[in-house]
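*Asks:* This is the structure I have questions about; it appears just below.
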Amino acid sequence: MKLLNLGCGKRIHTDWTNIDFVSTLDGVIAHNLTQGIPFPDNSFDVVYHSHVLEHFSQDTAKFFIAECYRVLRPQGVLRIAIPDLEQIAKTYLHALDGANAGAEDWTANYDWILLEMYDQTVRNCPGGEMVKYFQRETVPNEQFVLERCGVEAKKMIQGGYHHWEKTVSTESVDSKNPVEQLVKSIYRTIRYPTTYGRNVLNNGRESILKVLLGSEYDNLQIGRFRQRGEIHQWMYDRYSLRVILESNGFSDVVPRLASESYIPDWKSFNLDTEPDGSTYKPDSLYMEAIKQ
């Protein structure tokens with residue numbers, strides 16, 4: 001079988017063709033998936049993507065699902081994992097009732113589930129408010145968070161801010177003296193072109209932008225961040241995801257557990273599950289569909 005893993009990150013398997021926006025591992029193809037899937041029609045038996053769809057606008061998501069349909073062979077399987085809006089909403093209501101009743105543990109759980117609902121939509125810097133939550137000396141409801149978010153939450157609790165990828169570096173630009181920094185950058189580029197190269201030119205560009213934009217430079221940085229792909233642009237539940245799949249021609253749309261699939265030997269790939277059988281992203285909605 002030919003297997004395609006889209007937006008794979010570091011969650012890959014050698015039996016699959018693995019594609020992501022940026023290649024961080026050997027064998028991962030770098031490609032901008034908002035521009036389509038770089039393979040001919042009817043190329044794959046299985047297409048899989050996990051926690052990718054929510055990072056696209058609704059229009060881009062529809063285009064992306066249509067591309068998944070295009071590259072699948074007839075009777076091919078599409079498997080999707082996304083944050084489960086229904087599960088989050090139900091947990092929020094339960095936490096709200098507990099917090100209103102004065103239950104201390106549910107007060108902390110209420111704080112967390114609000115972050116799950118909103119933080120990755122509204123944040124303007126890497127990690128957002130979740131980073132601050134994990135930078136506490138102790139996470140008051142650690143077990144609750146681990147049960148909801150699995151391995152990734154464990155990594156964040158252990159690593160805090162350092163778990164998150166930092167923004168494109170402009171740290172070497174001296175925000176207090178942008179003109180001076182610009183002059184230094186130009187001098188160094190002329191004096192040591194092979195030593196400083198592109199980084200110095202980038203720093204010079206940032207210095208110019210700071211001079212021209214003044215206080216508006218911060219808004220530019222926020223805009224850059226929000227275009228990088230970390231934020232969530234939409235959320236789905238089992239109904240809305242089924243609608244978008246069926247509108248693109250898929251049939252036999254079914255919700256799944258992390259460990260079950262139309263795909264033969266699914267668990268052996270350890271994409272939605274860990275080697276010990278636990279679920280990688282417990283807060284997920286898993287759905288599959290067939291191309292007719």
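We label chains A, B, ... in the order they appear in the structure tokens, count residues from 1 in each chain, and number ligands from 1 in the order shown.
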Mind running segment 102-145 of chain A against segment 283-289 of chain A at 12 Å and telling me each contacting residue's nearest atom pair with the distance in Å (one decimal), counting only C-alpha atoms, chain and number ascending, as a Markdown table?
*Replies:*
| residue | atom | partner | partner_atom | distance |
| --- | --- | --- | --- | --- |
| A:Ile113 | CA | A:Asp283 | CA | 10.9 |
| A:Glu116 | CA | A:Asp283 | CA | 9.5 |
| A:Met117 | CA | A:Asp283 | CA | 11.4 |
| A:Phe144 | CA | A:Asp283 | CA | 11.4 |
| A:Val145 | CA | A:Asp283 | CA | 9.9 |
*Asks:* So that I have them on file, write out the residues from the current selection with N, CA and C atoms, as a PDB file, in the first residue's frame.
*Replies:*
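Written out: again18.pdb:
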ATOM      1  N   ILE A 113      -9.205  24.193  30.610  1.00  0.00           N
ATOM      2  CA  ILE A 113     -10.041  23.918  29.441  1.00  0.00           C
ATOM      3  C   ILE A 113     -10.335  25.193  28.663  1.00  0.00           C
ATOM      4  N   GLU A 116      -7.497  25.452  26.338  1.00  0.00           N
ATOM      5  CA  GLU A 116      -7.671  24.539  25.203  1.00  0.00           C
ATOM      6  C   GLU A 116      -8.616  25.134  24.163  1.00  0.00           C
ATOM      7  N   MET A 117      -9.658  25.796  24.634  1.00  0.00           N
ATOM      8  CA  MET A 117     -10.652  26.348  23.712  1.00  0.00           C
ATOM      9  C   MET A 117     -10.124  27.549  22.937  1.00  0.00           C
ATOM     10  N   PHE A 144      -5.073  15.805  35.287  1.00  0.00           N
ATOM     11  CA  PHE A 144      -6.161  16.177  34.378  1.00  0.00           C
ATOM     12  C   PHE A 144      -5.612  16.602  33.019  1.00  0.00           C
ATOM     13  N   VAL A 145      -4.574  17.422  33.029  1.00  0.00           N
ATOM     14  CA  VAL A 145      -3.985  17.905  31.781  1.00  0.00           C
ATOM     15  C   VAL A 145      -3.358  16.755  31.003  1.00  0.00           C
TER      16      VAL A 145
END
*Asks:* Please return as a VMD selection string: the residues of segment 44-273 of chain A that backbone DSSP assigns to strand (DSSP E or B).
*Replies:* chain A and resid 44 to 50 72 to 84 236 250 to 256 273
*Asks:* Using only C-alpha atoms, find the one residue out of A:Gly229, A:Gly249, A:Pro282, A:Gly277 that sits nearest to Pro126 of chain A.
*Replies:*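 Using only C-alpha atoms, the shortest distance to Pro126 of chain A belongs to A:Gly229.
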*Asks:* Excluding segment 74-87 of chain A and its own-chain neighbours fewer than 2 positions away, which residues fall within 8 Å of it when counting only C-alpha atoms? Please give them as a VMD selection string.
*Replies:* chain A and resid 42 44 to 54 68 to 69 72 89 to 91 117 235 to 238 262 to 263 283 to 292
*Asks:* Quick one: pull the distance between atom CA of Ile12 of chain A and atom CA of Leu271 of chain A, Å, one decimal.
*Replies:*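 That distance, rounded to one decimal, is 7.1 Å.
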*Asks:* Using only C-alpha atoms, find the one residue out of A:Val22, A:Val122, A:Ala108, A:Val28 that sits nearest to Leu4 of chain A.
*Replies:* A:Val28
*Asks:* Name the closest residue to Thr14 of chain A among the candidates A:Tyr118, A:Gln233, A:Asp26, A:Phe250; distances are taken between atoms, counting only C-alpha atoms.
*Replies:* A:Asp26
*Asks:* Just the residues within 12 Å of Arg228 of chain A, please, counting only C-alpha atoms, with nothing from its chain fewer than 2 positions along; format it as a list of chain:residue names.
*Replies:* A:Phe21, A:Val22, A:Asn32, A:His55, A:Phe56, A:Asn124, A:Cys125, A:Pro126, A:Glu165, A:Lys166, A:Thr167, A:Val168, A:Gln221, A:Ile222, A:Gly223, A:Arg224, A:Phe225, A:Arg226, A:Glu230, A:Ile231, A:His232, A:Gln233
*Asks:* How close does each residue of segment 46-100 of chain A get to segment 243-246 of chain A, giving the shortest atom pair and distance in Å to one decimal for every residue with an atom at most 10 Å away, counting only C-alpha atoms, sorted by chain and residue number, as CSV?
*Replies:*
residue,atom,partner,partner_atom,distance
A:Gln58,CA,A:Ile244,CA,9.8
A:Ala61,CA,A:Ile244,CA,8.8
A:Lys62,CA,A:Ile244,CA,6.9
A:Ile65,CA,A:Leu245,CA,7.1
A:Ala66,CA,A:Leu245,CA,8.6
A:Tyr69,CA,A:Leu245,CA,9.1
A:Leu78,CA,A:Leu245,CA,9.4
